[in-house]
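A.B. asks: Pasting coords_24.txt below, which is compact mmCIF, C-alpha atoms and all ligand atoms.
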```txt
# COMPACT_ATOMS: atom_id res chain seq x y z
CA MET Q 1 115.49 127.09 117.34
CA SER Q 2 112.12 126.62 115.75
CA SER Q 3 109.52 129.26 116.44
CA THR Q 4 107.20 128.18 113.64
CA PRO Q 5 103.71 127.64 115.04
CA LEU Q 6 102.77 123.99 115.34
CA LEU Q 7 99.86 124.15 112.89
CA THR Q 8 102.05 125.77 110.26
CA LYS Q 9 104.68 123.06 110.72
CA LEU Q 10 102.08 120.31 110.45
CA LYS Q 11 100.49 121.83 107.35
CA ARG Q 12 103.90 122.05 105.70
CA GLN Q 13 104.62 118.43 106.61
CA LEU Q 14 101.23 117.41 105.22
CA GLU Q 15 102.31 118.81 101.86
CA HIS Q 16 105.63 116.94 102.12
CA GLU Q 17 103.82 113.68 102.82
CA LYS Q 18 101.54 114.22 99.82
CA GLU Q 19 104.51 115.01 97.60
CA GLU Q 20 106.36 111.93 98.87
CA SER Q 21 103.29 109.85 98.08
CA ARG Q 22 103.46 111.04 94.49
CA VAL Q 23 107.20 110.37 94.26
CA TYR Q 24 106.96 106.85 95.72
CA ALA Q 25 103.91 105.99 93.61
CA LEU Q 26 106.06 106.68 90.53
CA LYS Q 27 108.93 104.61 91.93
CA VAL Q 28 106.57 101.70 92.53
CA LEU Q 29 105.40 101.91 88.93
CA ARG Q 30 108.91 102.17 87.54
CA THR Q 31 110.56 99.47 89.62
CA HIS Q 32 110.11 95.98 88.30
CA GLN Q 33 112.27 93.95 90.68
CA THR Q 34 109.88 92.46 93.24
CA ILE Q 35 111.65 93.22 96.50
CA PRO Q 36 112.74 96.83 95.84
CA LYS Q 37 109.24 97.46 94.45
CA LEU Q 38 107.69 96.10 97.66
CA LEU Q 39 109.95 98.34 99.74
CA TYR Q 40 108.92 101.45 97.79
CA GLU Q 41 105.32 100.33 98.15
CA LYS Q 42 105.72 100.18 101.91
CA ILE Q 43 106.99 103.77 102.04
CA LEU Q 44 104.19 104.84 99.67
CA GLN Q 45 101.55 103.33 101.95
CA ASP Q 46 103.18 104.84 105.04
CA SER Q 47 103.39 108.27 103.41
CA MET Q 48 99.71 108.17 102.40
CA TYR Q 49 98.86 107.11 105.93
CA HIS Q 50 101.05 109.83 107.45
CA ALA Q 51 99.23 112.41 105.33
CA GLU Q 52 95.88 111.15 106.67
CA VAL Q 53 97.13 111.16 110.25
CA VAL Q 54 98.63 114.64 110.00
CA GLU Q 55 95.41 115.92 108.41
CA ALA Q 56 93.35 114.43 111.25
CA CYS Q 57 95.70 115.92 113.84
CA ILE Q 58 95.40 119.36 112.24
CA GLU Q 59 91.59 119.06 112.38
CA GLN Q 60 91.73 117.88 115.97
CA LEU Q 61 93.96 120.80 116.97
CA GLN Q 62 91.76 123.29 115.11
CA SER Q 63 88.64 122.02 116.87
CA HIS Q 64 90.15 123.22 120.17
CA GLN Q 65 88.72 120.19 121.91
CA SER Q 66 91.70 118.71 123.63
CA GLY Q 67 91.65 114.96 124.13
CA GLY Q 68 88.11 113.94 123.36
CA VAL Q 69 86.38 110.85 124.61
CA TRP Q 70 85.27 108.42 121.93
CA VAL Q 71 83.73 105.08 122.60
CA ILE Q 72 83.62 102.71 119.67
CA LYS Q 73 81.21 99.85 119.24
CA GLU Q 74 83.66 97.06 119.81
CA SER Q 75 83.95 94.18 122.20
CA ALA Q 76 87.01 93.83 124.39
CA ARG Q 77 86.94 90.08 123.76
CA GLU Q 78 87.15 90.54 120.00
CA LEU Q 79 90.10 92.91 120.38
CA LEU Q 80 91.90 90.52 122.72
CA LYS Q 81 91.40 87.77 120.15
CA LEU Q 82 92.89 89.97 117.43
CA MET Q 83 95.79 90.90 119.71
CA ASN Q 84 96.52 87.21 120.09
CA LEU Q 85 96.60 86.77 116.33
CA GLU Q 86 98.96 89.73 115.96
CA GLU Q 87 101.20 88.25 118.63
CA GLU Q 88 101.22 84.87 116.87
CA ALA Q 89 102.07 86.58 113.58
CA THR Q 90 104.94 88.44 115.27
CA ARG Q 91 106.34 85.15 116.56
CA LEU Q 92 105.88 83.41 113.23
CA PHE Q 93 107.71 86.08 111.23
CA ALA Q 94 110.46 86.43 113.82
CA SER Q 95 111.09 82.70 113.82
CA ALA Q 96 110.93 82.55 110.01
CA ALA Q 97 113.57 85.31 109.94
CA SER Q 98 115.85 83.26 112.15
CA GLU Q 99 115.46 80.16 109.97
CA VAL Q 100 115.97 81.62 106.53
CA ASP Q 101 119.34 82.03 104.84
CA ASP Q 102 118.37 84.52 102.14
CA PRO Q 103 119.29 87.95 103.59
CA HIS Q 104 116.49 89.84 101.79
CA VAL Q 105 113.82 87.37 102.82
CA ARG Q 106 115.17 87.53 106.37
CA ASP Q 107 114.96 91.32 106.44
CA LEU Q 108 111.45 91.29 104.98
CA MET Q 109 110.38 88.78 107.65
CA LEU Q 110 111.87 91.05 110.32
CA MET Q 111 110.00 94.05 108.88
CA LEU Q 112 106.75 92.10 109.01
CA ALA Q 113 107.46 90.97 112.58
CA TYR Q 114 107.96 94.62 113.52
CA ASP Q 115 104.70 95.61 111.80
CA GLU Q 116 102.79 92.87 113.60
CA GLN Q 117 104.22 94.01 116.91
CA ARG Q 118 102.99 97.52 116.11
CA HIS Q 119 99.55 96.16 115.21
CA TYR Q 120 99.46 94.53 118.64
CA SER Q 121 100.38 97.81 120.37
CA ILE Q 122 97.82 99.78 118.36
CA LEU Q 123 95.07 97.30 119.27
CA ARG Q 124 96.07 97.58 122.92
CA TYR Q 125 95.86 101.36 122.62
CA ILE Q 126 92.38 101.09 121.08
CA LEU Q 127 91.31 98.69 123.80
CA GLU Q 128 92.60 100.91 126.59
CA ASN Q 129 91.27 104.18 125.20
CA PHE Q 130 88.18 103.64 123.08
CA VAL Q 131 86.45 100.49 124.24
CA GLN Q 132 83.86 100.55 126.96
CA LYS Q 133 84.80 98.11 129.66
CA SER Q 134 81.84 95.83 130.22
CA GLU Q 135 81.84 93.86 133.46
CA GLU Q 136 80.33 90.87 131.73
CA GLU Q 137 83.14 90.64 129.20
CA LEU Q 138 85.91 91.02 131.73
CA VAL Q 139 84.53 88.23 133.91
CA HIS Q 140 84.21 85.67 131.09
FE FE B 1 106.09 110.33 106.38
FE FE B 2 98.80 92.28 111.64
```
Kindly present the structure from the file in structure tokens form.
Ligand SMILES: [Fe+2]
Ligand SMILES: [Fe+2]

C.D. replies:
Amino acid sequence: MSSTPLLTKLKRQLEHEKEESRVYALKVLRTHQTIPKLLYEKILQDSMYHAEVVEACIEQLQSHQSGGVWVIKESARELLKLMNLEEEATRLFASAASEVDDPHVRDLMLMLAYDEQRHYSILRYILENFVQKSEEELVH
């Protein structure tokens, strides 16, 4: 049973993510075969991103302002257009994965398809939570 306070846990994890970033950065440098190098690079980027996210979450929790309403200067139409592109990319990579014989290329294509699907979901989240709904845009 974990009774460690949440902020303490998150701060500890932040240090882990930073340490992982250092470890994976070295692996990227030391690995010369393209595909394994790319895979380490993916984890490196994710770890750096996780550190940023955890840091932002710690700040958000310390501000004691639960939730928070942010409206970004963004048009719903533009986001919908981008969501379409992400959806197209998902389909393209998924179909490429099904056509290719090379197992590593297939798995990389599947990883990209998964990423693109996540990009789509993130854009939808932004659209639903941070973009002012303008009547004009919804009608056209
Ligand atoms: Fe992580
Ligand atoms: Fe994308």

A.B. asks: Using all atoms listed in the file, which residues have at least one atom no more than 6 Å from ligand FE 1 (chain B)? Output them as a ChimeraX atom specification.

C.D. replies: /Q:17,47,50

A.B. asks: For the residues in the current selection, export C-alpha atoms as a PDB file, keeping the file's coordinate frame.

C.D. replies:
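The resulting out05.pdb:
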```pdb
ATOM      1  CA  GLU Q  17     103.820 113.680 102.820  1.00  0.00           C
ATOM      2  CA  SER Q  47     103.390 108.270 103.410  1.00  0.00           C
ATOM      3  CA  HIS Q  50     101.050 109.830 107.450  1.00  0.00           C
TER       4      HIS Q  50
END
```

A.B. asks: Could you check how far atom CA of Leu123 of chain Q sits from atom CA of Leu80 of chain Q, in Å to one decimal?

C.D. replies: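 So the two atoms, atom CA of Leu123 of chain Q and atom CA of Leu80 of chain Q, lie 8.2 Å apart.
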
A.B. asks: Given only C-alpha atoms and all ligand atoms, how would the per-residue table for chain Q near ligand FE 2 (chain B) read, listing every residue at most 9 Å away with its closest atom pair and distance in Å to one decimal, sorted by chain and number, as a Markdown table?

C.D. replies:
```
| residue | atom | partner | partner_atom | distance |
| --- | --- | --- | --- | --- |
| Q:Leu82 | CA | B:FE2 | FE | 8.6 |
| Q:Met83 | CA | B:FE2 | FE | 8.7 |
| Q:Leu85 | CA | B:FE2 | FE | 7.6 |
| Q:Glu86 | CA | B:FE2 | FE | 5.0 |
| Q:Glu87 | CA | B:FE2 | FE | 8.4 |
| Q:Ala89 | CA | B:FE2 | FE | 6.9 |
| Q:Thr90 | CA | B:FE2 | FE | 8.1 |
| Q:Leu112 | CA | B:FE2 | FE | 8.4 |
| Q:Ala113 | CA | B:FE2 | FE | 8.8 |
| Q:Asp115 | CA | B:FE2 | FE | 6.8 |
| Q:Glu116 | CA | B:FE2 | FE | 4.5 |
| Q:Gln117 | CA | B:FE2 | FE | 7.8 |
| Q:Arg118 | CA | B:FE2 | FE | 8.1 |
| Q:His119 | CA | B:FE2 | FE | 5.3 |
| Q:Tyr120 | CA | B:FE2 | FE | 7.4 |
```

A.B. asks: Can you tell me, as a ChimeraX atom specification, what residues are no more than 10 Å from Leu44 of chain Q when counting only C-alpha atoms, ignoring any on the same chain fewer than 3 positions away?

C.D. replies: /Q:17-18,20-28,38-41,47-50

A.B. asks: Excluding segment 126-131 of chain Q and any residue of its chain fewer than 3 positions from it, enumerate the residues within 7 Å of it, using all atoms listed in the file, and give them as a PDB file with C-alpha atoms, keeping the file's coordinate frame.

C.D. replies:
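See result-v4.pdb below for the written result:
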```pdb
ATOM      1  CA  TRP Q  70      85.270 108.420 121.930  1.00  0.00           C
ATOM      2  CA  VAL Q  71      83.730 105.080 122.600  1.00  0.00           C
ATOM      3  CA  ILE Q  72      83.620 102.710 119.670  1.00  0.00           C
ATOM      4  CA  GLU Q  74      83.660  97.060 119.810  1.00  0.00           C
ATOM      5  CA  ALA Q  76      87.010  93.830 124.390  1.00  0.00           C
ATOM      6  CA  LEU Q  79      90.100  92.910 120.380  1.00  0.00           C
ATOM      7  CA  ILE Q 122      97.820  99.780 118.360  1.00  0.00           C
ATOM      8  CA  LEU Q 123      95.070  97.300 119.270  1.00  0.00           C
TER       9      LEU Q 123
END
```

A.B. asks: Please check which residues have atoms at most 12 Å from (115.8, 92.3, 95.7) in the file's coordinates, counting all atoms listed in the file, and write them as a VMD selection string.

C.D. replies: chain Q and resid 31 to 40 102 to 108

A.B. asks: Quick one: pull the distance between atom CA of Leu29 of chain Q and atom CA of Leu14 of chain Q, Å, one decimal.

C.D. replies: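 Straight-line distance from atom CA of Leu29 of chain Q to atom CA of Leu14 of chain Q works out to 22.9 Å.
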
A.B. asks: Just checking: using all atoms listed in the file, which residue out of Q:Arg124, Q:Arg77, Q:Lys11, Q:Lys133 ends up closest to Cys57 of chain Q?

C.D. replies: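 Among the listed residues, the smallest separation from Cys57 of chain Q belongs to Q:Lys11.
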
A.B. asks: Figure out the distance between atom CA of Glu88 of chain Q and atom CA of Ser75 of chain Q, please, to one decimal in Å.

C.D. replies: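 For atom CA of Ser75 of chain Q relative to atom CA of Glu88 of chain Q, the distance reads 20.3 Å.
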
A.B. asks: Calculate, to one decimal in Å, the centre and edge lengths of the box along x, y and z of the file that holds all listed atoms of segment 85-104 of chain Q with 5 Å of margin on each side, and present them as lines of an AutoDock Vina configuration file.

C.D. replies:
```
center_x = 108.0
center_y = 85.0
center_z = 110.2
size_x = 32.7
size_y = 19.7
size_z = 26.8
```

A.B. asks: Kindly indicate which residue among Q:Val69, Q:Ala56, Q:Met109, Q:Leu10 lies nearest to Leu92 of chain Q, using all atoms listed in the file for the distances.

C.D. replies: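 Comparing Q:Val69, Q:Ala56, Q:Met109, Q:Leu10 against Leu92 of chain Q, the winner is Q:Met109.
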
A.B. asks: Restricting the calculation to only C-alpha atoms: of Q:Ser66, Q:Thr4, Q:Asn84, Q:Asp46, which residue gets closest to Ser121 of chain Q?

C.D. replies: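 Looking only at the distances to Ser121 of chain Q, the closest residue turns out to be Q:Asn84.
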